[in-house]
Amino acid sequence: MKLSVFEGKDYEQLLEETLKSLNVSEKDVLFKKNEKKGGLFKGTITELKLIKVEDVAEYIKQYLNKLITDMGLEVSFEMKIREGQIGIKMYSNNNPILIGKNGQTLAALQNIIRQVVFKEIGMYPYLVLDVENYKEKQVKNIERLAKNIAREVLKTKVEAKLENMNSYERRTVHNALSEFKNITTTSEGDEPNRHIIVKYKKD
């Protein structure tokens, strides 16, 4: 993976010119800015580091392929990039091994990949790993549970604390209940013990 580095005085202008020079939109790249002090009388200089999401996705795919092959498994991939999110589905000759108990191996793989990418480029990718349709089924189950709990909270007016969830699962709950009238959700606690509180909210 190769980072492109640009410098300028005005952040907004620098970002616009950089995206234009690379012929990409903001959702097509990972980027971060860093303010640096210029020399005498030069003021502050903005440094912008960018990398195309598709380059990150290809790196992840190659890394995963080697990692899983080294586990003695055969694997193929289906990859989609949408709104800056990298979605990778894996199909192997032993899916239960890749998923692990309660999805623990899959979650560990995702965490490993995120850390590997961060070490390489200093930025975390928006990554969703799945094994066939395991996570899709998991999302539907979480959504169903969240809505049932929300209905109970509406009935009793008593807040409910959900079990600890990872960031992806918490986002699923927040999204599932975002349009529930008189319901609000908040995340509390520190990783890995972060959880959601579902609360009743008056009009």
# chains A, B, ... in the order shown; residues from 1 in each chain; ligands from 1

$ residues_around --residues "region 59-73 of chain A" --least-positions-apart "5" --cutoff "7 Å" --atoms "only C-alpha atoms" --output "number ranges by chain"
A: 1, 92-94, 113

$ residues_around --residues "Leu106 (chain A)" --least-positions-apart "3" --cutoff "8 Å" --atoms "only C-alpha atoms" --output "ChimeraX atom specification"
/A:98-100,103,109-110,129-131

$ write_last_selection --atoms "C-alpha atoms" --output "mmCIF file, in the first residue's frame"
data_model
loop_
_atom_site.group_PDB
_atom_site.id
_atom_site.type_symbol
_atom_site.label_atom_id
_atom_site.label_comp_id
_atom_site.auth_asym_id
_atom_site.auth_seq_id
_atom_site.Cartn_x
_atom_site.Cartn_y
_atom_site.Cartn_z
ATOM 1 C CA LEU A 98 -13.414 -19.448 10.381
ATOM 2 C CA ILE A 99 -16.507 -18.371 12.319
ATOM 3 C CA GLY A 100 -15.543 -19.859 15.680
ATOM 4 C CA GLY A 103 -18.329 -15.676 15.887
ATOM 5 C CA LEU A 109 -9.731 -11.936 12.254
ATOM 6 C CA GLN A 110 -11.410 -8.582 11.728
ATOM 7 C CA LEU A 129 -15.761 -9.417 7.364
ATOM 8 C CA ASP A 130 -18.280 -12.208 6.914
ATOM 9 C CA VAL A 131 -18.220 -15.948 6.321
#

$ residues_around --residues "Ile86 (chain A)" --least-positions-apart "3" --cutoff "7 Å" --atoms "only C-alpha atoms" --output "list in words"
Ala57, Lys80, Ile81, Arg82, Tyr126, Leu127 and Val128 of chain A

$ write_last_selection --atoms "C-alpha atoms" --output "mmCIF file, in the first residue's frame"
data_model
loop_
_atom_site.group_PDB
_atom_site.id
_atom_site.type_symbol
_atom_site.label_atom_id
_atom_site.label_comp_id
_atom_site.auth_asym_id
_atom_site.auth_seq_id
_atom_site.Cartn_x
_atom_site.Cartn_y
_atom_site.Cartn_z
ATOM 1 C CA ALA A 57 -9.181 -3.657 0.200
ATOM 2 C CA LYS A 80 -17.677 -5.075 -2.241
ATOM 3 C CA ILE A 81 -16.762 -1.454 -1.557
ATOM 4 C CA ARG A 82 -19.632 0.890 -0.797
ATOM 5 C CA TYR A 126 -14.133 0.619 7.769
ATOM 6 C CA LEU A 127 -14.161 -3.163 7.394
ATOM 7 C CA VAL A 128 -16.880 -5.792 7.647
#

$ residues_around --residues "region 177-186 of chain A" --least-positions-apart "6" --cutoff "6 Å" --atoms "only C-alpha atoms" --output "list of chain:residue names"
A:Ile196, A:Ile197, A:Val198, A:Lys199, A:Tyr200, A:Lys201, A:Lys202

$ write_last_selection --atoms "N, CA and C atoms" --output "PDB file, in the first residue's frame"
ATOM      1  N   ILE A 196     -25.130  -1.196  25.196  1.00  0.00           N
ATOM      2  CA  ILE A 196     -26.143  -0.205  24.838  1.00  0.00           C
ATOM      3  C   ILE A 196     -27.236  -0.164  25.904  1.00  0.00           C
ATOM      4  N   ILE A 197     -27.682   1.046  26.209  1.00  0.00           N
ATOM      5  CA  ILE A 197     -28.830   1.250  27.075  1.00  0.00           C
ATOM      6  C   ILE A 197     -29.982   1.741  26.192  1.00  0.00           C
ATOM      7  N   VAL A 198     -31.099   1.045  26.258  1.00  0.00           N
ATOM      8  CA  VAL A 198     -32.301   1.450  25.528  1.00  0.00           C
ATOM      9  C   VAL A 198     -33.211   2.176  26.506  1.00  0.00           C
ATOM     10  N   LYS A 199     -33.534   3.443  26.202  1.00  0.00           N
ATOM     11  CA  LYS A 199     -34.302   4.261  27.142  1.00  0.00           C
ATOM     12  C   LYS A 199     -35.587   4.787  26.522  1.00  0.00           C
ATOM     13  N   TYR A 200     -36.586   5.008  27.404  1.00  0.00           N
ATOM     14  CA  TYR A 200     -37.815   5.656  26.983  1.00  0.00           C
ATOM     15  C   TYR A 200     -37.587   7.158  26.954  1.00  0.00           C
ATOM     16  N   LYS A 201     -38.087   7.808  25.917  1.00  0.00           N
ATOM     17  CA  LYS A 201     -37.937   9.253  25.777  1.00  0.00           C
ATOM     18  C   LYS A 201     -39.297   9.883  25.535  1.00  0.00           C
ATOM     19  N   LYS A 202     -39.652  10.850  26.364  1.00  0.00           N
ATOM     20  CA  LYS A 202     -40.933  11.533  26.199  1.00  0.00           C
ATOM     21  C   LYS A 202     -40.888  12.422  24.958  1.00  0.00           C
TER      22      LYS A 202
END

$ closest_residue --among "A:Asn141, A:Asn23, A:Thr18, A:Gln104" --to "Ser4 (chain A)" --atoms "only C-alpha atoms"
A:Thr18

$ select_by_dssp --residues "chain A" --states "alpha helix (DSSP H)" --output "compact mmCIF listing (two decimals) with C-alpha atoms, in the first residue's frame"
# COMPACT_ATOMS: atom_id res chain seq x y z
CA TYR A 11 -7.17 22.29 4.62
CA GLU A 12 -10.41 22.50 2.61
CA GLN A 13 -8.63 23.72 -0.50
CA LEU A 14 -5.87 21.14 -0.10
CA LEU A 15 -8.38 18.30 0.23
CA GLU A 16 -10.34 19.46 -2.82
CA GLU A 17 -7.22 19.81 -4.97
CA THR A 18 -5.82 16.48 -3.77
CA LEU A 19 -9.00 14.54 -4.53
CA LYS A 20 -9.13 16.17 -7.97
CA SER A 21 -5.51 15.28 -8.72
CA LEU A 22 -6.15 11.64 -7.79
CA VAL A 53 -9.94 2.40 -0.29
CA GLU A 54 -9.67 -0.08 -3.18
CA ASP A 55 -5.90 -0.38 -2.57
CA VAL A 56 -6.54 -1.06 1.13
CA ALA A 57 -9.18 -3.66 0.20
CA GLU A 58 -6.79 -5.47 -2.14
CA TYR A 59 -4.10 -5.51 0.56
CA ILE A 60 -6.59 -6.94 3.08
CA LYS A 61 -7.68 -9.63 0.63
CA GLN A 62 -4.09 -10.74 -0.01
CA TYR A 63 -3.26 -10.71 3.71
CA LEU A 64 -6.37 -12.72 4.56
CA ASN A 65 -5.66 -15.22 1.80
CA LYS A 66 -2.19 -15.95 3.17
CA LEU A 67 -3.39 -16.04 6.78
CA ILE A 68 -6.23 -18.46 6.11
CA THR A 69 -4.20 -20.63 3.73
CA ASP A 70 -1.58 -20.94 6.47
CA ASN A 95 -16.62 -22.31 7.55
CA PRO A 96 -17.25 -23.24 11.22
CA ILE A 97 -13.49 -22.96 11.86
CA LEU A 98 -13.41 -19.45 10.38
CA ILE A 99 -16.51 -18.37 12.32
CA GLN A 104 -15.21 -15.19 18.03
CA THR A 105 -12.70 -16.30 15.36
CA LEU A 106 -14.35 -14.08 12.75
CA ALA A 107 -14.28 -11.12 15.15
CA ALA A 108 -10.63 -11.83 15.97
CA LEU A 109 -9.73 -11.94 12.25
CA GLN A 110 -11.41 -8.58 11.73
CA ASN A 111 -9.55 -7.04 14.68
CA ILE A 112 -6.22 -8.44 13.47
CA ILE A 113 -6.75 -7.02 9.97
CA ARG A 114 -7.71 -3.60 11.32
CA GLN A 115 -4.57 -3.50 13.47
CA VAL A 116 -2.35 -4.68 10.59
CA VAL A 117 -3.70 -1.95 8.30
CA PHE A 118 -3.32 0.67 11.04
CA LYS A 119 0.31 -0.35 11.54
CA GLU A 120 0.91 0.04 7.80
CA ILE A 121 -0.82 3.37 7.14
CA TYR A 134 -23.18 -15.71 9.02
CA LYS A 135 -23.03 -12.00 9.85
CA GLU A 136 -26.14 -11.21 7.82
CA LYS A 137 -28.09 -13.73 9.90
CA GLN A 138 -26.48 -12.34 13.06
CA VAL A 139 -27.55 -8.80 12.13
CA LYS A 140 -31.15 -9.91 11.62
CA ASN A 141 -31.13 -11.62 15.02
CA ILE A 142 -29.70 -8.52 16.72
CA GLU A 143 -32.26 -6.28 14.99
CA ARG A 144 -35.09 -8.57 16.08
CA LEU A 145 -33.83 -8.63 19.68
CA ALA A 146 -33.36 -4.85 19.78
CA LYS A 147 -36.89 -4.17 18.48
CA ASN A 148 -38.43 -6.59 20.99
CA ILE A 149 -36.56 -4.87 23.82
CA ALA A 150 -37.60 -1.42 22.53
CA ARG A 151 -41.26 -2.47 22.54
CA GLU A 152 -40.88 -3.67 26.13
CA VAL A 153 -39.27 -0.36 27.13
CA LEU A 154 -42.13 1.54 25.49
CA LYS A 155 -44.61 -0.54 27.47
CA THR A 156 -42.90 -0.34 30.87
CA SER A 167 -18.86 -1.71 17.63
CA TYR A 168 -20.48 -3.35 14.59
CA GLU A 169 -23.22 -4.94 16.71
CA ARG A 170 -23.83 -1.70 18.60
CA ARG A 171 -24.14 0.21 15.33
CA THR A 172 -26.70 -2.37 14.20
CA VAL A 173 -28.80 -1.74 17.33
CA HIS A 174 -28.56 2.05 17.01
CA ASN A 175 -29.65 1.87 13.36
CA ALA A 176 -32.46 -0.60 14.05
CA LEU A 177 -33.98 1.66 16.72

$ select_by_dssp --residues "region 49-98 of chain A" --states "strand (DSSP E or B)" --output "PyMOL selection string"
chain A and resi 49-52+75-82+85-92

$ write_last_selection --atoms "C-alpha atoms" --output "PDB file, in the first residue's frame"
ATOM      1  CA  LYS A  49      -2.080  11.606   3.877  1.00  0.00           C
ATOM      2  CA  LEU A  50      -4.391   9.643   1.571  1.00  0.00           C
ATOM      3  CA  ILE A  51      -4.769   6.132   0.246  1.00  0.00           C
ATOM      4  CA  LYS A  52      -7.440   4.685  -2.039  1.00  0.00           C
ATOM      5  CA  VAL A  75     -10.741 -19.921   0.764  1.00  0.00           C
ATOM      6  CA  SER A  76     -12.283 -17.674  -1.872  1.00  0.00           C
ATOM      7  CA  PHE A  77     -13.497 -14.086  -1.500  1.00  0.00           C
ATOM      8  CA  GLU A  78     -16.346 -11.862  -2.575  1.00  0.00           C
ATOM      9  CA  MET A  79     -15.508  -8.193  -2.096  1.00  0.00           C
ATOM     10  CA  LYS A  80     -17.677  -5.075  -2.241  1.00  0.00           C
ATOM     11  CA  ILE A  81     -16.762  -1.454  -1.557  1.00  0.00           C
ATOM     12  CA  ARG A  82     -19.632   0.890  -0.797  1.00  0.00           C
ATOM     13  CA  GLN A  85     -16.892   0.518   3.614  1.00  0.00           C
ATOM     14  CA  ILE A  86     -14.969  -2.607   2.656  1.00  0.00           C
ATOM     15  CA  GLY A  87     -17.157  -5.691   2.774  1.00  0.00           C
ATOM     16  CA  ILE A  88     -15.464  -9.071   2.339  1.00  0.00           C
ATOM     17  CA  LYS A  89     -17.288 -12.402   2.360  1.00  0.00           C
ATOM     18  CA  MET A  90     -15.185 -15.517   2.769  1.00  0.00           C
ATOM     19  CA  TYR A  91     -16.097 -18.989   1.526  1.00  0.00           C
ATOM     20  CA  SER A  92     -13.945 -21.857   2.785  1.00  0.00           C
TER      21      SER A  92
END

$ closest_residue --among "A:Lys101, A:Asp10, A:Tyr124, A:Glu26" --to "Ile45 (chain A)" --atoms "only C-alpha atoms"
A:Asp10

$ atom_distance --atom1 "CA of Gly84 (chain A)" --atom2 "CA of Asp28 (chain A)"
5.8 Å

$ closest_residue --among "A:Gly8, A:Gly189, A:Pro125, A:Asn164" --to "Thr44 (chain A)" --atoms "only C-alpha atoms"
A:Gly8
